[in-house]
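K.L.:
A single structure is presented below for examination.
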Amino acid sequence: MAFSNPEPEIIRQILQSVHSIAVVGLSPNQARPSFRVASGLQSFGYRIIPVRPLVKDVLGEKAFPNLESLTEIPDIVNVFRAPEHVPAIVESCIRLGIKNLWLQEGVIHEAAAQRAQEAGITVVMDRCMWRDAVKFGVRPS
């Protein structure tokens, strides 16, 4: 069975219900898409948790080298990594009990997305979280 994204109304509900977003691959470089998207989401009221090795902080938030080192479980994980890294990220999400996973536009890994869904994780793939938040006019509730 092929992967398919949740219906638009479910995506809207996800964006409205989550508060903390662990952004895997968040760059401190303001010119990078990950920084611009995370900054936009932060301006909407979402708490951004940077996940990137060798970085101390991004957007005024302490950065963590990986999901396992987080001090709290985020409401959603937003991935800005190459597709070959997605299976390991999915396995981390499963181990940690993370309920929502968002693979940014261009981050496509069908098998890993299906694995996450089978483990009970709601997955959105190949969409921009910030663009969808703007499109649906949502903020964390």
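Lettering and numbering for the structure tokens are positional, with chains as A, B, ... in the shown order, residues counted from 1 in each chain, and ligands counted from 1 in the shown order.
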Excluding A:Gly40 and residues on its chain fewer than 5 positions from it, collect all residues at most 12 Å away from it, counting only C-alpha atoms, and give them as a VMD selection string.
P.N.:
chain A and resid 30 33 to 35 45 to 48 59 128 to 134 139
K.L.:
As an MDAnalysis selection string, please: all residues of stretch 27-137 of chain A that backbone DSSP puts in strand (DSSP E or B).
P.N.:
chainID A and resid 47:51 57:58 61:62 64 76:79 100:103 122:125
K.L.:
What's the 9 Å shell around A:Val55, counting only C-alpha atoms, without same-chain residues fewer than 2 positions away, as a PDB file with N, CA and C atoms, in the first residue's frame?
P.N.:
ATOM      1  N   SER A  27      19.362  24.618  10.658  1.00  0.00           N
ATOM      2  CA  SER A  27      20.621  25.326  10.428  1.00  0.00           C
ATOM      3  C   SER A  27      20.613  26.689  11.115  1.00  0.00           C
ATOM      4  N   PRO A  28      21.761  27.098  11.677  1.00  0.00           N
ATOM      5  CA  PRO A  28      21.863  28.452  12.218  1.00  0.00           C
ATOM      6  C   PRO A  28      22.040  29.508  11.120  1.00  0.00           C
ATOM      7  N   PRO A  50      15.742  23.054  18.425  1.00  0.00           N
ATOM      8  CA  PRO A  50      16.711  22.706  17.385  1.00  0.00           C
ATOM      9  C   PRO A  50      17.373  21.353  17.664  1.00  0.00           C
ATOM     10  N   VAL A  51      17.471  20.519  16.626  1.00  0.00           N
ATOM     11  CA  VAL A  51      18.171  19.241  16.728  1.00  0.00           C
ATOM     12  C   VAL A  51      19.225  19.227  15.633  1.00  0.00           C
ATOM     13  N   ARG A  52      20.462  19.467  16.055  1.00  0.00           N
ATOM     14  CA  ARG A  52      21.577  19.514  15.097  1.00  0.00           C
ATOM     15  C   ARG A  52      22.882  19.394  15.874  1.00  0.00           C
ATOM     16  N   PRO A  53      23.705  18.402  15.543  1.00  0.00           N
ATOM     17  CA  PRO A  53      24.985  18.254  16.244  1.00  0.00           C
ATOM     18  C   PRO A  53      25.904  19.444  15.982  1.00  0.00           C
ATOM     19  N   ASP A  57      23.089  26.728  19.890  1.00  0.00           N
ATOM     20  CA  ASP A  57      21.703  27.198  19.922  1.00  0.00           C
ATOM     21  C   ASP A  57      21.322  27.793  18.576  1.00  0.00           C
ATOM     22  N   VAL A  58      20.027  27.814  18.333  1.00  0.00           N
ATOM     23  CA  VAL A  58      19.472  28.414  17.115  1.00  0.00           C
ATOM     24  C   VAL A  58      18.160  29.075  17.504  1.00  0.00           C
ATOM     25  N   LYS A  62      18.215  26.321  22.970  1.00  0.00           N
ATOM     26  CA  LYS A  62      19.309  25.374  23.101  1.00  0.00           C
ATOM     27  C   LYS A  62      19.139  24.259  22.072  1.00  0.00           C
ATOM     28  N   ALA A  63      20.235  23.932  21.396  1.00  0.00           N
ATOM     29  CA  ALA A  63      20.211  22.861  20.395  1.00  0.00           C
ATOM     30  C   ALA A  63      20.651  21.540  21.016  1.00  0.00           C
ATOM     31  N   PHE A  64      20.130  20.453  20.474  1.00  0.00           N
ATOM     32  CA  PHE A  64      20.453  19.104  20.929  1.00  0.00           C
ATOM     33  C   PHE A  64      21.042  18.329  19.758  1.00  0.00           C
ATOM     34  N   PRO A  65      21.989  17.421  20.028  1.00  0.00           N
ATOM     35  CA  PRO A  65      22.640  16.705  18.928  1.00  0.00           C
ATOM     36  C   PRO A  65      21.759  15.674  18.231  1.00  0.00           C
TER      37      PRO A  65
END
K.L.:
Can you pull out the residues contacting stretch 72-85 of chain A? Cut-off 7 Å, using only C-alpha atoms, and skip same-chain residues under 5 positions away; I want them as a list in words.
P.N.:
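Everything that qualifies: Val18, His19, Ser20, Ile21, Ala22, Val23, Val24, Gly25, Leu26, Ser34, Ile98, Lys99, Asn100, Leu101, Trp102, Leu103, Gln104, Val107, Ile108 and His109 of chain A.
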K.L.:
Print the selection's residues with N, CA and C atoms to a file, as a compact mmCIF listing (two decimals), in the first residue's frame.
P.N.:
# COMPACT_ATOMS: atom_id res chain seq x y z
N VAL A 18 -0.40 21.08 18.01
CA VAL A 18 0.98 20.94 18.49
C VAL A 18 1.50 22.29 19.01
N HIS A 19 2.42 22.20 19.96
CA HIS A 19 3.03 23.41 20.52
C HIS A 19 4.55 23.39 20.36
N SER A 20 5.17 22.23 20.62
CA SER A 20 6.63 22.11 20.54
C SER A 20 7.01 21.33 19.28
N ILE A 21 7.98 21.88 18.55
CA ILE A 21 8.42 21.29 17.29
C ILE A 21 9.93 21.06 17.37
N ALA A 22 10.35 19.80 17.37
CA ALA A 22 11.77 19.49 17.27
C ALA A 22 12.13 19.53 15.79
N VAL A 23 13.02 20.44 15.42
CA VAL A 23 13.38 20.61 14.01
C VAL A 23 14.74 19.94 13.79
N VAL A 24 14.70 18.76 13.17
CA VAL A 24 15.91 17.98 12.90
C VAL A 24 16.59 18.54 11.66
N GLY A 25 17.84 18.99 11.85
CA GLY A 25 18.58 19.59 10.74
C GLY A 25 18.43 21.10 10.68
N LEU A 26 18.00 21.71 11.78
CA LEU A 26 17.82 23.17 11.79
C LEU A 26 19.18 23.87 11.71
N SER A 34 15.58 25.67 6.39
CA SER A 34 15.23 25.20 7.74
C SER A 34 15.14 26.37 8.72
N ILE A 98 7.14 9.44 20.06
CA ILE A 98 6.70 10.68 19.41
C ILE A 98 5.50 10.36 18.52
N LYS A 99 4.49 11.20 18.58
CA LYS A 99 3.21 10.89 17.92
C LYS A 99 3.05 11.48 16.53
N ASN A 100 3.83 12.53 16.20
CA ASN A 100 3.66 13.22 14.92
C ASN A 100 5.02 13.45 14.27
N LEU A 101 5.07 13.23 12.96
CA LEU A 101 6.30 13.40 12.19
C LEU A 101 5.97 14.14 10.91
N TRP A 102 6.74 15.18 10.63
CA TRP A 102 6.55 15.99 9.43
C TRP A 102 7.85 15.96 8.64
N LEU A 103 7.78 15.47 7.40
CA LEU A 103 8.93 15.47 6.51
C LEU A 103 8.75 16.64 5.54
N GLN A 104 9.65 17.60 5.64
CA GLN A 104 9.54 18.83 4.86
C GLN A 104 9.48 18.56 3.37
N VAL A 107 11.64 16.07 1.25
CA VAL A 107 12.13 14.97 2.08
C VAL A 107 11.12 13.82 1.93
N ILE A 108 11.47 12.87 1.08
CA ILE A 108 10.54 11.80 0.72
C ILE A 108 11.21 10.45 0.96
N HIS A 109 10.57 9.64 1.79
CA HIS A 109 11.03 8.26 2.01
C HIS A 109 9.79 7.43 2.32
K.L.:
Assign secondary structure with DSSP using the backbone only, and return the residues of stretch 7-115 of chain A in helix (DSSP H, G or I) as a PyMOL selection string.
P.N.:
chain A and resi 8-17+33-43+67-69+83-96+110-115
K.L.:
Could the residues in this selection be saved with C-alpha atoms as a compact mmCIF listing (two decimals), in the first residue's frame?
P.N.:
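Below is the file that was written, again.txt:
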# COMPACT_ATOMS: atom_id res chain seq x y z
CA PRO A 8 -6.16 18.61 4.72
CA GLU A 9 -8.48 18.92 7.74
CA ILE A 10 -6.29 16.49 9.72
CA ILE A 11 -3.18 18.49 8.75
CA ARG A 12 -4.92 21.66 9.95
CA GLN A 13 -5.80 19.97 13.25
CA ILE A 14 -2.21 18.80 13.73
CA LEU A 15 -0.88 22.31 13.17
CA GLN A 16 -3.41 23.72 15.62
CA SER A 17 -2.83 21.12 18.35
CA PRO A 33 15.18 26.97 4.35
CA SER A 34 15.23 25.20 7.74
CA PHE A 35 16.06 28.47 9.50
CA ARG A 36 13.42 30.46 7.60
CA VAL A 37 10.68 27.86 8.20
CA ALA A 38 11.53 27.44 11.89
CA SER A 39 11.71 31.21 12.36
CA GLY A 40 8.30 31.61 10.73
CA LEU A 41 6.80 28.89 12.91
CA GLN A 42 8.37 30.43 16.01
CA SER A 43 6.81 33.80 15.11
CA LEU A 67 16.31 13.28 19.34
CA GLU A 68 17.48 10.93 22.09
CA SER A 69 19.19 13.80 23.91
CA PRO A 83 15.87 11.21 2.64
CA GLU A 84 18.51 8.57 3.46
CA HIS A 85 18.51 9.80 7.09
CA VAL A 86 14.74 9.41 7.53
CA PRO A 87 14.66 5.70 8.51
CA ALA A 88 16.93 6.31 11.52
CA ILE A 89 14.85 9.36 12.52
CA VAL A 90 11.67 7.26 12.30
CA GLU A 91 13.23 4.60 14.54
CA SER A 92 14.13 7.30 17.08
CA CYS A 93 10.57 8.64 16.98
CA ILE A 94 9.18 5.14 17.57
CA ARG A 95 11.55 4.49 20.50
CA LEU A 96 10.72 7.84 22.10
CA GLU A 110 7.94 6.12 1.38
CA ALA A 111 9.10 3.03 3.30
CA ALA A 112 10.10 5.01 6.39
CA ALA A 113 6.84 6.99 6.31
CA GLN A 114 4.86 3.74 6.14
CA ARG A 115 6.95 2.26 8.99
K.L.:
Work out how far atom CA of A:Thr122 is from atom CA of A:Phe3, in Å to one decimal.
P.N.:
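For atom CA of A:Phe3 relative to atom CA of A:Thr122, the distance reads 11.5 Å.
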K.L.:
In terms of the shortest atom-to-atom distance over only C-alpha atoms, which of A:Gly97, A:Ala2, A:Leu54, A:Ile49 is closest to A:Ala119?
P.N.:
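Result for the nearest residue to A:Ala119: A:Gly97.
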K.L.:
For A:Glu7, which residue out of A:Val123, A:Asn29, A:Val138, A:Asn66 is the nearest one, using only C-alpha atoms?
P.N.:
A:Val123
